[in-house]
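Visitor: Contents of work32.txt (compact mmCIF, C-alpha atoms and all ligand atoms) are given next:
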# COMPACT_ATOMS: atom_id res chain seq x y z
CA MET A 11 1.60 8.17 6.21
CA SER A 12 -1.41 7.82 3.93
CA SER A 13 -4.58 5.91 4.71
CA GLY A 14 -6.06 3.07 2.71
CA GLU A 15 -8.00 -0.17 2.65
CA VAL A 16 -6.55 -3.50 1.52
CA LYS A 17 -8.39 -4.82 -1.55
CA LYS A 18 -6.09 -7.60 -2.72
CA ILE A 19 -2.83 -9.24 -1.64
CA ASP A 20 -0.56 -11.11 -4.04
CA LYS A 21 2.31 -12.71 -2.15
CA GLU A 22 3.76 -14.37 -5.24
CA THR A 23 4.40 -11.10 -7.04
CA GLN A 24 4.78 -9.12 -3.79
CA LYS A 25 2.06 -6.67 -4.70
CA ILE A 26 -0.85 -5.19 -2.82
CA THR A 27 -3.96 -3.42 -4.11
CA LEU A 28 -4.98 -0.50 -1.93
CA LYS A 29 -7.94 1.84 -2.10
CA HIS A 30 -6.13 4.89 -0.84
CA GLY A 31 -6.85 8.45 0.16
CA GLU A 32 -4.75 11.37 -0.97
CA ILE A 33 -0.99 10.67 -0.99
CA LYS A 34 0.53 14.05 -0.40
CA ASN A 35 4.21 13.19 -0.95
CA MET A 36 3.35 11.83 -4.41
CA ASP A 37 0.72 14.48 -5.20
CA MET A 38 -1.86 11.76 -5.88
CA PRO A 39 -5.61 11.91 -5.29
CA GLY A 40 -7.54 8.99 -3.82
CA MET A 41 -7.94 5.90 -6.00
CA THR A 42 -7.61 2.12 -6.04
CA MET A 43 -4.28 0.92 -7.37
CA VAL A 44 -1.55 -1.71 -7.16
CA PHE A 45 1.70 -1.15 -5.28
CA LYS A 46 4.81 -3.23 -4.91
CA VAL A 47 6.03 -3.76 -1.37
CA LEU A 48 9.60 -3.10 -0.30
CA ASP A 49 9.59 -5.98 2.18
CA PRO A 50 7.38 -9.03 1.44
CA SER A 51 6.83 -9.54 5.18
CA LEU A 52 4.61 -6.45 5.10
CA LEU A 53 2.03 -8.63 3.36
CA ASP A 54 1.94 -11.06 6.28
CA LYS A 55 0.71 -8.35 8.63
CA VAL A 56 -2.47 -7.42 6.78
CA LYS A 57 -5.51 -9.07 5.22
CA VAL A 58 -8.12 -8.05 2.68
CA GLY A 59 -10.54 -5.55 4.21
CA ASP A 60 -8.06 -4.15 6.72
CA LYS A 61 -7.79 -0.40 7.10
CA VAL A 62 -4.15 0.58 6.96
CA LYS A 63 -1.80 3.48 7.21
CA PHE A 64 1.11 3.24 4.80
CA LYS A 65 4.04 5.08 3.34
CA ALA A 66 4.63 4.91 -0.42
CA GLU A 67 7.59 6.11 -2.46
CA LYS A 68 8.70 6.01 -6.06
CA ARG A 69 11.68 3.69 -6.45
CA ASN A 70 13.19 2.97 -9.86
CA GLY A 71 10.00 4.12 -11.51
CA ALA A 72 7.70 1.88 -9.47
CA LEU A 73 5.40 2.86 -6.63
CA VAL A 74 6.51 0.96 -3.58
CA VAL A 75 4.97 0.62 -0.13
CA THR A 76 7.84 1.00 2.33
CA ALA A 77 5.87 0.82 5.58
CA MET A 78 2.37 -0.29 6.51
CA GLU A 79 0.37 -0.92 9.66
CA THR A 80 -3.27 -1.72 10.36
CA VAL A 81 -5.50 0.77 12.12
CA GLN A 82 -8.61 0.05 14.17
CU CU A 101 -2.95 6.02 -6.45
How would this structure read if it were set down as structure tokens?
Ligand SMILES: [Cu+2]
Guide:
Amino acid sequence: MSSGEVKKIDKETQKITLKHGEIKNMDMPGMTMVFKVLDPSLLDKVKVGDKVKFKAEKRNGALVVTAMETVQ
């Protein structure tokens, strides 16, 4: 899991903007970027400003969040 902070949620397009730390499985440094979500219900569990842990994968050329949970 990688850590991040929710910056924006777009339920219509099923996308989330995360300010994330290093994502080791994708060899990516920290940055703010937009991800698709695998399951739109993931977006119902978080709100802007939440700190989250998430798993991201490349699927059909897009970066997709496949799991996400808030952390205290
Ligand atoms: Cu990134």
Visitor: Any idea what's packed within 8 Å of stretch 40-57 of chain A, counting only C-alpha atoms, ignoring anything in its chain fewer than 2 positions away? Could you give it as number ranges by chain?
Guide: A: 16, 19, 21, 24-33, 38, 59-60, 72-80
Visitor: So what do you get for atom CA of A:Ala66 versus atom CA of A:Lys34, distance-wise?
Guide: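 Interatomic distance here is 10.0 Å.
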Visitor: Ranking A:Arg69, A:Val58, A:Ser12, A:Thr23 by minimum distance to ligand CU 101 (chain A) and counting only C-alpha atoms and all ligand atoms, which one comes first?
Guide: A:Ser12
Visitor: What does the distance between atom CA of A:Asp37 and atom CA of A:Gln82 come to in Å, to one decimal place?
Guide: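 So the two atoms, atom CA of A:Asp37 and atom CA of A:Gln82, lie 25.9 Å apart.
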Visitor: Smallest atom-to-atom distance to ligand CU 101 (chain A): which of A:Met36, A:Val81, A:Met11, A:Val62, using all atoms listed in the file?
Guide: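 Residue with the minimum atom-to-atom distance to ligand CU 101 (chain A): A:Met36.
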Visitor: May I ask you to restore N, CA and C atoms in stretch 21-52 of chain A and write the result as a short mmCIF file (atom, residue, chain, number, x, y, z; two decimals), in the frame of the given file?
Guide:
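This went into rebuild_10.cif:
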data_model
loop_
_atom_site.label_atom_id
_atom_site.label_comp_id
_atom_site.auth_asym_id
_atom_site.auth_seq_id
_atom_site.Cartn_x
_atom_site.Cartn_y
_atom_site.Cartn_z
N LYS A 21 1.00 -12.43 -2.75
CA LYS A 21 2.31 -12.71 -2.15
C LYS A 21 3.31 -13.19 -3.19
N GLU A 22 2.83 -13.86 -4.23
CA GLU A 22 3.76 -14.37 -5.24
C GLU A 22 4.50 -13.25 -5.96
N THR A 23 3.76 -12.21 -6.33
CA THR A 23 4.40 -11.10 -7.04
C THR A 23 4.75 -9.95 -6.10
N GLN A 24 4.47 -10.13 -4.81
CA GLN A 24 4.78 -9.12 -3.79
C GLN A 24 4.13 -7.78 -4.12
N LYS A 25 2.82 -7.88 -4.39
CA LYS A 25 2.06 -6.67 -4.70
C LYS A 25 0.82 -6.61 -3.83
N ILE A 26 0.37 -5.38 -3.59
CA ILE A 26 -0.85 -5.19 -2.82
C ILE A 26 -1.71 -4.15 -3.52
N THR A 27 -3.03 -4.40 -3.56
CA THR A 27 -3.96 -3.42 -4.11
C THR A 27 -4.58 -2.67 -2.96
N LEU A 28 -4.45 -1.35 -2.99
CA LEU A 28 -4.98 -0.50 -1.93
C LEU A 28 -5.94 0.52 -2.51
N LYS A 29 -7.07 0.69 -1.82
CA LYS A 29 -7.94 1.84 -2.10
C LYS A 29 -7.44 2.92 -1.16
N HIS A 30 -6.80 3.93 -1.72
CA HIS A 30 -6.13 4.89 -0.84
C HIS A 30 -6.72 6.28 -0.92
N GLY A 31 -6.52 7.02 0.15
CA GLY A 31 -6.85 8.45 0.16
C GLY A 31 -5.73 9.22 -0.50
N GLU A 32 -5.78 10.53 -0.37
CA GLU A 32 -4.75 11.37 -0.97
C GLU A 32 -3.37 10.97 -0.45
N ILE A 33 -2.39 10.91 -1.36
CA ILE A 33 -0.99 10.67 -0.99
C ILE A 33 -0.24 11.95 -1.27
N LYS A 34 0.02 12.69 -0.20
CA LYS A 34 0.53 14.05 -0.40
C LYS A 34 1.95 14.05 -0.95
N ASN A 35 2.81 13.13 -0.49
CA ASN A 35 4.21 13.19 -0.95
C ASN A 35 4.33 12.78 -2.42
N MET A 36 3.30 12.17 -2.99
CA MET A 36 3.35 11.83 -4.41
C MET A 36 2.33 12.65 -5.21
N ASP A 37 1.68 13.59 -4.54
CA ASP A 37 0.72 14.48 -5.20
C ASP A 37 -0.35 13.67 -5.94
N MET A 38 -0.92 12.69 -5.25
CA MET A 38 -1.86 11.76 -5.88
C MET A 38 -3.20 11.81 -5.17
N PRO A 39 -4.28 11.93 -5.92
CA PRO A 39 -5.61 11.91 -5.29
C PRO A 39 -5.99 10.48 -4.90
N GLY A 40 -7.09 10.32 -4.22
CA GLY A 40 -7.54 8.99 -3.82
C GLY A 40 -7.92 8.14 -5.01
N MET A 41 -7.62 6.85 -4.92
CA MET A 41 -7.94 5.90 -6.00
C MET A 41 -7.65 4.48 -5.51
N THR A 42 -7.99 3.50 -6.32
CA THR A 42 -7.61 2.12 -6.04
C THR A 42 -6.51 1.74 -7.02
N MET A 43 -5.41 1.22 -6.50
CA MET A 43 -4.28 0.92 -7.37
C MET A 43 -3.37 -0.14 -6.75
N VAL A 44 -2.47 -0.66 -7.58
CA VAL A 44 -1.55 -1.71 -7.16
C VAL A 44 -0.20 -1.09 -6.79
N PHE A 45 0.35 -1.54 -5.69
CA PHE A 45 1.70 -1.15 -5.28
C PHE A 45 2.55 -2.39 -5.14
N LYS A 46 3.85 -2.22 -5.36
CA LYS A 46 4.81 -3.23 -4.91
C LYS A 46 5.06 -2.99 -3.43
N VAL A 47 5.62 -3.98 -2.76
CA VAL A 47 6.03 -3.76 -1.37
C VAL A 47 7.55 -3.92 -1.28
N LEU A 48 8.15 -3.07 -0.46
CA LEU A 48 9.60 -3.10 -0.30
C LEU A 48 10.02 -4.40 0.37
N ASP A 49 9.27 -4.79 1.40
CA ASP A 49 9.59 -5.98 2.18
C ASP A 49 8.38 -6.92 2.14
N PRO A 50 8.54 -8.12 1.58
CA PRO A 50 7.38 -9.03 1.44
C PRO A 50 6.71 -9.36 2.78
N SER A 51 7.45 -9.23 3.89
CA SER A 51 6.83 -9.54 5.18
C SER A 51 5.73 -8.55 5.54
N LEU A 52 5.71 -7.39 4.88
CA LEU A 52 4.61 -6.45 5.10
C LEU A 52 3.27 -7.09 4.77
#
